[in-house]
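> Sending over a structure as structure tokens; questions will come in a sec.
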Amino acid sequence: MKHVKIMSMPECDKLIYSGGIIARQIGALMVVDDENPLGAESYPIVSGGRNLADGWLSQGEECMETPVVCRVGEKIEPQKFAKFVKMGMHEEIPTSAYELYGQLRENGSDLQLPFWASNHETIREYRVELEINDFSKEEAFCYSTDTSSFYFEAYFESGNHDDLYNQLSAQLMDYINILDKEELGAKIIFTTYDFDYHDVIERLNNTPIETGYCDMMKPRH
């Protein structure tokens with residue numbers, strides 16, 4: 001026979017990523033089987049923030065497999081945030097970078113740019129390396145490498161350069177809006193070793209973007 005118990009964690013200040021959202025964990029649902037008490041399962045209960053008064057049971061992994069984003073009020077760097085953007089894009093119902101950023105801010109945290117260790121100056125320029133794989137004559141997949149501080153990905157019709165550009169530029173605007181909201185001045189430059197789509201990279205880097213704080217007007221190389 002299985003028993004279910006809810007463990008309250010009202011003082012917890014841990015933000016977790018689970019099931020396509022970033023939220024504060026406020027409890028855990030414990031499932032214990034009398035026939036296998038050592039195999040108890042636990043699932044996080046997360047807060048609804050200011051939008052919802054009550055919490056809800058996350059549809060993601062068990063507590064021990066649920067990644068911690070940060071503490072409430074803590075700032076995280078773009079490369080760490082990119083890890084959760086990648087996970088969000090791979091959910092059954094994909095989550096965008098801007099949606100995850102909104103959840104981060106809703107719970108009292110935000111982003112900060114890293115510093116150079118040598119002189120402690122803020123790093124303002126970021127290169128996003130894109131890899132492009134053609135699965136077949138019909139479909140292709142583009143994604144940024146793990147060395148990039150911002151995560152991008154797009155599924156598109158093989159050879160459709162306009163579709164690829166439109167998807168990447170829409171994701172770029174999400175990041176620009178995030179950086180502007182945080183008043184973080186930065187420059188994002190795209191690179192690739194795939195010469196068949198080099199024109200898309202040139203187009204992304206040559207498109208001037210009007211921003212409040214980011215350096216995205218001049219061609220970026």
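Chain labels A, B, ... are given in the sequence in which chains occur in the structure tokens; within each chain residues are numbered consecutively from 1, and ligands are likewise numbered from 1 in the order shown.
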Residues within 10 Å of segment 172-178 of chain A, please, as number ranges by chain. Count only C-alpha atoms; anything in the same chain fewer than 2 positions from it doesn't count.

A: 78, 96-99, 101-102, 110-111, 150-152, 166-170, 180-188, 204, 209-216

> Please provide as a ChimeraX atom specification all residues within 6 Å of segment 4-6 of chain A, with the sequence filter that same-chain residues fewer than 4 positions apart are discarded (counting only C-alpha atoms).

/A:28-31

> Can you spit out the residues from that selection as a short mmCIF file (atom, residue, chain, number, x, y, z; two decimals), in the first residue's frame, using N, CA and C atoms?


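And here is the file that came out, part-v3.cif:
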```cif
data_model
loop_
_atom_site.label_atom_id
_atom_site.label_comp_id
_atom_site.auth_asym_id
_atom_site.auth_seq_id
_atom_site.Cartn_x
_atom_site.Cartn_y
_atom_site.Cartn_z
N ALA A 28 7.38 19.38 -0.46
CA ALA A 28 7.65 18.14 -1.20
C ALA A 28 6.53 17.15 -0.95
N LEU A 29 6.14 16.44 -1.98
CA LEU A 29 5.16 15.38 -1.86
C LEU A 29 5.91 14.06 -1.76
N MET A 30 5.72 13.36 -0.64
CA MET A 30 6.41 12.10 -0.40
C MET A 30 5.48 10.94 -0.71
N VAL A 31 5.97 9.96 -1.45
CA VAL A 31 5.21 8.74 -1.77
C VAL A 31 6.00 7.55 -1.23
#
```

> Take atom CA of Arg127 of chain A and atom CA of Thr147 of chain A and report the distance between them in Å, one decimal.

9.0 Å

> Work out how far atom CA of Gly27 of chain A is from atom CA of Val46 of chain A, in Å to one decimal.

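Separation of atom CA of Val46 of chain A and atom CA of Gly27 of chain A: 6.8 Å.
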
> Enumerate, as a list in words, the complete set of residues in segment 80-133 of chain A that a backbone-based DSSP assignment places in strand (DSSP E).

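DSSP on the backbone gives strand (DSSP E) at Asp110, Leu111, Glu125, Tyr126, Arg127, Val128, Glu129, Leu130, Glu131, Ile132 and Asn133 of chain A.
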
> Kindly indicate which residue among A:Ala140, A:Leu104, A:Met7, A:Ile189 lies nearest to Ile76 of chain A, using only C-alpha atoms for the distances.

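The answer is A:Leu104, which sits nearest to Ile76 of chain A.
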
> When you look at Pro67 of chain A with a cut-off of 12 Å (counting only C-alpha atoms), what residues show up, excluding the ones that are within fewer than 3 positions of it in the same chain? I need them as a ChimeraX atom specification.

/A:14-25,44,60-64,70,80-81,83-84,87

> Using only C-alpha atoms, which of the listed residues (A:Ser144, A:Thr192, A:Gln79, A:Ser136) sits closest to Phe156 of chain A?

A:Ser136

> Enter the distance from atom CA of Asn160 of chain A to atom CA of Met89 of chain A, in Å, rounded to one decimal.

21.1 Å

> From a DSSP pass on the backbone, collect the residues of segment 6-178 of chain A flagged as helix (DSSP H, G or I) and hand them back as a PyMOL selection string.

chain A and resi 63-65+78-89+97-106+161-178

> Given only C-alpha atoms as the basis, pick out the residue of A:Asp162, A:Asp146, A:Asp13, A:Asp199 nearest to Glu74 of chain A.

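Distance minimum relative to Glu74 of chain A lands on A:Asp13.
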
> Return the single residue from A:Asp194, A:Glu92, A:Glu106, A:Asp33 that is closest to Asp134 of chain A, with distances computed using only C-alpha atoms.

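Using only C-alpha atoms, the shortest distance to Asp134 of chain A belongs to A:Asp194.
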
> Which residue, A:Asn205, A:Leu130, A:Asp163, A:Glu157, has the smallest gap to Tyr193 of chain A when you use only C-alpha atoms?

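The answer is A:Leu130, which sits nearest to Tyr193 of chain A.
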